[in-house]
file work-v7.cif (mmCIF, C-alpha atoms and all ligand atoms)
data_final
loop_
_atom_site.label_atom_id
_atom_site.label_comp_id
_atom_site.auth_asym_id
_atom_site.auth_seq_id
_atom_site.Cartn_x
_atom_site.Cartn_y
_atom_site.Cartn_z
CA MET M 24 -19.62 1.24 -21.57
CA PRO M 25 -16.65 3.59 -21.73
CA ILE M 26 -14.13 3.04 -24.48
CA THR M 27 -10.85 4.90 -24.59
CA ASN M 28 -9.27 5.56 -27.97
CA ASN M 29 -5.70 6.01 -26.85
CA GLU M 30 -3.44 6.12 -23.82
CA GLU M 31 -4.24 9.76 -23.11
CA GLU M 32 -7.95 8.99 -22.85
CA THR M 33 -7.16 6.19 -20.43
CA HIS M 34 -5.27 8.72 -18.34
CA SER M 35 -8.29 11.03 -18.42
CA PHE M 36 -10.50 8.19 -17.32
CA ALA M 37 -8.07 7.60 -14.46
CA GLN M 38 -9.09 10.96 -13.03
CA VAL M 39 -12.63 9.72 -12.49
CA ILE M 40 -11.29 6.79 -10.51
CA ALA M 41 -8.75 8.89 -8.60
CA GLU M 42 -11.58 11.11 -7.35
CA LYS M 43 -13.35 8.06 -5.93
CA VAL M 44 -10.34 7.04 -3.88
CA ASP M 45 -9.30 10.49 -2.81
CA ASP M 46 -9.74 9.45 0.83
CA GLY M 47 -8.22 6.02 0.25
CA GLY M 48 -9.49 2.82 -1.26
CA VAL M 49 -8.77 -0.42 -3.02
CA ILE M 50 -8.88 -0.59 -6.82
CA CYS M 51 -8.84 -4.02 -8.40
CA LEU M 52 -7.91 -4.31 -12.07
CA PHE M 53 -8.93 -7.29 -14.18
CA GLY M 54 -7.90 -7.89 -17.78
CA ASP M 55 -5.36 -9.63 -19.99
CA LEU M 56 -1.83 -8.49 -20.71
CA GLY M 57 -1.71 -5.27 -22.66
CA THR M 58 -5.24 -4.15 -21.87
CA GLY M 59 -3.97 -1.06 -20.04
CA LYS M 60 -3.91 -1.91 -16.33
CA THR M 61 -0.48 -0.37 -15.78
CA THR M 62 -1.34 2.59 -17.99
CA LEU M 63 -4.46 3.21 -15.91
CA THR M 64 -2.45 2.82 -12.70
CA LYS M 65 0.06 5.40 -13.90
CA GLY M 66 -2.83 7.74 -14.71
CA ILE M 67 -4.25 7.37 -11.22
CA ALA M 68 -0.85 7.88 -9.61
CA LYS M 69 -0.34 10.99 -11.71
CA CYS M 70 -3.50 12.49 -10.23
CA PHE M 71 -1.85 12.27 -6.82
CA GLY M 72 1.29 13.97 -8.02
CA ILE M 73 3.35 10.90 -8.72
CA LYS M 74 5.36 11.38 -11.88
CA GLU M 75 5.01 8.87 -14.64
CA MET M 76 8.73 8.24 -14.77
CA THR M 77 8.95 6.93 -11.26
CA ILE M 78 6.14 4.42 -11.42
CA LYS M 79 7.17 1.20 -13.10
CA SER M 80 5.30 -2.00 -13.44
CA PRO M 81 6.44 -4.15 -10.54
CA THR M 82 8.07 -7.05 -12.30
CA TYR M 83 10.35 -8.58 -9.72
CA THR M 84 8.52 -7.38 -6.68
CA TYR M 85 4.81 -7.68 -6.06
CA ILE M 86 4.28 -4.48 -4.11
CA ARG M 87 5.62 -1.03 -4.85
CA LYS M 88 5.05 1.91 -2.56
CA HIS M 89 4.72 5.42 -3.91
CA GLU M 90 4.57 8.31 -1.52
CA ALA M 91 2.17 11.06 -2.42
CA GLN M 92 1.68 14.23 -0.38
CA ASP M 93 -0.29 12.91 2.57
CA ARG M 94 -0.87 9.31 1.65
CA ASN M 95 0.73 6.27 0.15
CA ILE M 96 -0.18 4.60 -3.08
CA TYR M 97 0.61 0.91 -3.30
CA HIS M 98 0.87 -0.65 -6.72
CA ILE M 99 0.53 -4.41 -6.61
CA ASP M 100 1.02 -6.60 -9.68
CA LEU M 101 0.26 -10.27 -9.21
CA TYR M 102 0.92 -11.33 -12.80
CA ARG M 103 3.85 -13.56 -11.90
CA LEU M 104 2.10 -15.10 -8.95
CA ASN M 105 0.89 -18.67 -9.16
CA GLN M 106 -0.39 -19.06 -5.68
CA ILE M 107 -0.56 -16.40 -3.02
CA ASP M 108 1.51 -17.29 0.02
CA GLU M 109 0.65 -16.35 3.55
CA LEU M 110 3.42 -13.81 3.98
CA LEU M 111 2.48 -11.80 0.91
CA LEU M 112 -1.20 -12.05 1.80
CA GLN M 113 -0.48 -10.75 5.27
CA GLU M 114 1.48 -7.85 3.83
CA ILE M 115 -1.34 -6.94 1.48
CA GLU M 116 -4.02 -7.29 4.14
CA GLU M 117 -2.08 -4.87 6.32
CA LEU M 118 -2.30 -2.36 3.49
CA PHE M 119 -6.09 -2.84 3.34
CA GLU M 120 -6.33 -2.12 7.07
CA ASN M 121 -5.27 1.49 6.71
CA PRO M 122 -8.27 3.18 5.07
CA LYS M 123 -6.10 6.09 3.94
CA ASN M 124 -4.00 3.86 1.71
CA ILE M 125 -4.67 3.79 -1.98
CA VAL M 126 -4.09 0.23 -3.13
CA ILE M 127 -4.18 -0.63 -6.82
CA ILE M 128 -4.00 -4.31 -7.74
CA GLU M 129 -3.25 -5.64 -11.22
CA TRP M 130 -4.36 -9.23 -11.81
CA ALA M 131 -6.57 -8.98 -8.74
CA ASP M 132 -8.21 -12.27 -9.76
CA ARG M 133 -5.08 -13.97 -8.42
CA MET M 134 -6.32 -13.21 -4.91
CA GLU M 135 -10.02 -12.81 -5.52
CA GLN M 136 -11.24 -14.54 -2.35
CA PHE M 137 -9.08 -12.27 -0.20
CA LEU M 138 -10.15 -8.94 -1.64
CA PRO M 139 -11.93 -6.59 0.78
CA GLU M 140 -15.69 -6.05 0.51
CA ASN M 141 -15.20 -2.36 0.06
CA ARG M 142 -13.42 -2.09 -3.25
CA ILE M 143 -13.69 -0.91 -6.81
CA ASN M 144 -13.48 -3.53 -9.56
CA ILE M 145 -12.47 -2.44 -13.04
CA HIS M 146 -12.53 -4.72 -16.06
CA LEU M 147 -10.33 -3.83 -19.02
CA GLU M 148 -10.67 -5.33 -22.47
CA TYR M 149 -8.68 -5.06 -25.67
CA ILE M 150 -10.78 -3.93 -28.62
CA ASP M 151 -8.09 -3.08 -31.15
CA GLU M 152 -4.60 -1.60 -31.22
CA LYS M 153 -5.66 1.73 -29.73
CA ARG M 154 -9.02 1.08 -28.16
CA ARG M 155 -9.77 -0.38 -24.76
CA SER M 156 -13.02 -0.96 -22.97
CA ILE M 157 -12.75 0.06 -19.31
CA LYS M 158 -15.71 -0.88 -17.17
CA ILE M 159 -16.25 -0.10 -13.54
CA VAL M 160 -18.22 -3.12 -12.43
CA ARG M 161 -18.27 -2.69 -8.69
CA GLY M 162 -17.81 -0.09 -6.02
CA ILE M 163 -19.03 3.12 -7.63
P1 LIG M 201 -1.27 -4.20 -18.80
O1 LIG M 201 -0.72 -3.60 -17.55
O2 LIG M 201 -2.76 -4.46 -18.73
O3 LIG M 201 -0.52 -5.42 -19.24
P2 LIG M 201 -0.11 -1.90 -20.10
O4 LIG M 201 -0.75 -0.68 -19.57
O5 LIG M 201 1.23 -2.27 -19.57
O6 LIG M 201 -1.14 -3.14 -19.97
O7 LIG M 201 0.04 -1.81 -21.67
C1 LIG M 201 -0.96 -1.30 -22.49
C2 LIG M 201 -0.34 -1.02 -23.83
O8 LIG M 201 -1.34 -0.66 -24.75
C3 LIG M 201 0.64 0.15 -23.76
O9 LIG M 201 1.71 -0.10 -24.61
C4 LIG M 201 -0.19 1.31 -24.26
O10 LIG M 201 0.58 2.30 -24.88
C5 LIG M 201 -1.08 0.63 -25.27
N1 LIG M 201 -2.37 1.28 -25.49
C6 LIG M 201 -2.91 1.51 -26.70
N2 LIG M 201 -4.12 2.07 -26.60
C7 LIG M 201 -4.38 2.19 -25.27
C8 LIG M 201 -5.50 2.69 -24.55
N3 LIG M 201 -6.61 3.16 -25.14
N4 LIG M 201 -5.44 2.65 -23.20
C9 LIG M 201 -4.35 2.16 -22.58
N5 LIG M 201 -3.25 1.68 -23.20
C10 LIG M 201 -3.26 1.68 -24.56
MG MG M 202 0.65 -4.33 -16.13
#
call {"tool": "encode", "arguments": {"input": "work-v7.cif", "output": "structure tokens", "more": "lines below"}}
Ligand code: ADP
Ligand code: MG
result
Amino acid sequence: MPITNNEEETHSFAQVIAEKVDDGGVICLFGDLGTGKTTLTKGIAKCFGIKEMTIKSPTYTYIRKHEAQDRNIYHIDLYRLNQIDELLLQEIEELFENPKNIVIIEWADRMEQFLPENRINIHLEYIDEKRRSIKIVRGI
């Protein structure tokens, strides 16, 4: 079970995941607040040339699009969502339909029954102030 000892190690771990979705894919992140989902997302985005500064946690909007060289990375954060409505679901499902898209979903459990079969599930856990357990539990 991989454990990262700081943010930098989580960014290194992100490279392993980025390689898996080089041709596109859906990455679902599960874990409480502060476990490192956004940090991991930033690390993945960085691997595709997206600068850390420009990727923010989507607080007021559920979906953020980031354009990389020849593909789009969509960062979805469902933290504030109580119940997924049809319009948002439709929007997200359209993103799944293009296999070249890289879709990263924080709080993916909020839409668990609608997640595509072909996906990577990652579980993050808080160990202590600087350590996080990051487990790939499906899709690799
Ligand atoms: P989440 O999106 O899951 O709520 P964030 O990535 O926004 O979590 O926040 C994680 C916080 O924990 C950041 O402030 C980060 O600096 C800190 N942190 C400490 N150690 C680690 C680690 N090993 N991996 C990732 N983040 C860490
Ligand atoms: Mg977050």
call {"tool": "closest_residue", "arguments": {"input": "work-v7.cif", "among": "M:Lys123, M:His34, M:Arg87, M:Arg142", "to": "Thr62 of chain M", "atoms": "only C-alpha atoms"}}
result
M:His34
call {"tool": "closest_residue", "arguments": {"input": "work-v7.cif", "among": "M:Glu148, M:Glu120, M:Glu129, M:Glu140", "to": "Arg161 of chain M", "atoms": "all atoms listed in the file"}}
result
M:Glu140
call {"tool": "residues_near_ligand", "arguments": {"input": "work-v7.cif", "ligand": "ligand LIG 201 (chain M)", "cutoff": "6 Å", "atoms": "all atoms listed in the file", "output": "ChimeraX atom specification"}}
result
/M:27-30,33,55-62,152-155
call {"tool": "write_last_selection", "arguments": {"input": "work-v7.cif", "atoms": "C-alpha atoms", "output": "PDB file, keeping the file's coordinate frame"}}
result
ATOM      1  CA  THR M  27     -10.850   4.900 -24.590  1.00  0.00           C
ATOM      2  CA  ASN M  28      -9.270   5.560 -27.970  1.00  0.00           C
ATOM      3  CA  ASN M  29      -5.700   6.010 -26.850  1.00  0.00           C
ATOM      4  CA  GLU M  30      -3.440   6.120 -23.820  1.00  0.00           C
ATOM      5  CA  THR M  33      -7.160   6.190 -20.430  1.00  0.00           C
ATOM      6  CA  ASP M  55      -5.360  -9.630 -19.990  1.00  0.00           C
ATOM      7  CA  LEU M  56      -1.830  -8.490 -20.710  1.00  0.00           C
ATOM      8  CA  GLY M  57      -1.710  -5.270 -22.660  1.00  0.00           C
ATOM      9  CA  THR M  58      -5.240  -4.150 -21.870  1.00  0.00           C
ATOM     10  CA  GLY M  59      -3.970  -1.060 -20.040  1.00  0.00           C
ATOM     11  CA  LYS M  60      -3.910  -1.910 -16.330  1.00  0.00           C
ATOM     12  CA  THR M  61      -0.480  -0.370 -15.780  1.00  0.00           C
ATOM     13  CA  THR M  62      -1.340   2.590 -17.990  1.00  0.00           C
ATOM     14  CA  GLU M 152      -4.600  -1.600 -31.220  1.00  0.00           C
ATOM     15  CA  LYS M 153      -5.660   1.730 -29.730  1.00  0.00           C
ATOM     16  CA  ARG M 154      -9.020   1.080 -28.160  1.00  0.00           C
ATOM     17  CA  ARG M 155      -9.770  -0.380 -24.760  1.00  0.00           C
TER      18      ARG M 155
END
call {"tool": "closest_residue", "arguments": {"input": "work-v7.cif", "among": "M:Leu63, M:Asp132, M:Arg94, M:Phe119", "to": "Gln106 of chain M", "atoms": "all atoms listed in the file"}}
result
M:Asp132
call {"tool": "residues_near_point", "arguments": {"input": "work-v7.cif", "point": "(-4.7, 7.3, -14.8)", "cutoff": "12 Å", "atoms": "all atoms listed in the file", "output": "VMD selection string"}}
result
chain M and resid 27 30 to 42 50 59 to 75 78 127 157
call {"tool": "residues_around", "arguments": {"input": "work-v7.cif", "residues": "Ile99 of chain M", "least_positions_apart": "5", "cutoff": "9 Å", "atoms": "all atoms listed in the file", "output": "ChimeraX atom specification"}}
result
/M:80-81,84-88,115,126-131
call {"tool": "axis_aligned_box", "arguments": {"input": "work-v7.cif", "around": "segment 143-153 of chain M", "padding_each_side": "6 Å", "output": "lines of an AutoDock Vina configuration file"}}
result
center_x = -9.1
center_y = -1.8
center_z = -19.0
size_x = 21.1
size_y = 19.1
size_z = 36.4
call {"tool": "closest_residue", "arguments": {"input": "work-v7.cif", "among": "M:Ile125, M:Pro139, M:Asp151, M:Met134", "to": "Glu90 of chain M", "atoms": "all atoms listed in the file"}}
result
M:Ile125
call {"tool": "atom_distance", "arguments": {"input": "work-v7.cif", "atom1": "atom CA of Asp46 of chain M", "atom2": "atom CA of Ile107 of chain M"}}
result
27.7 Å
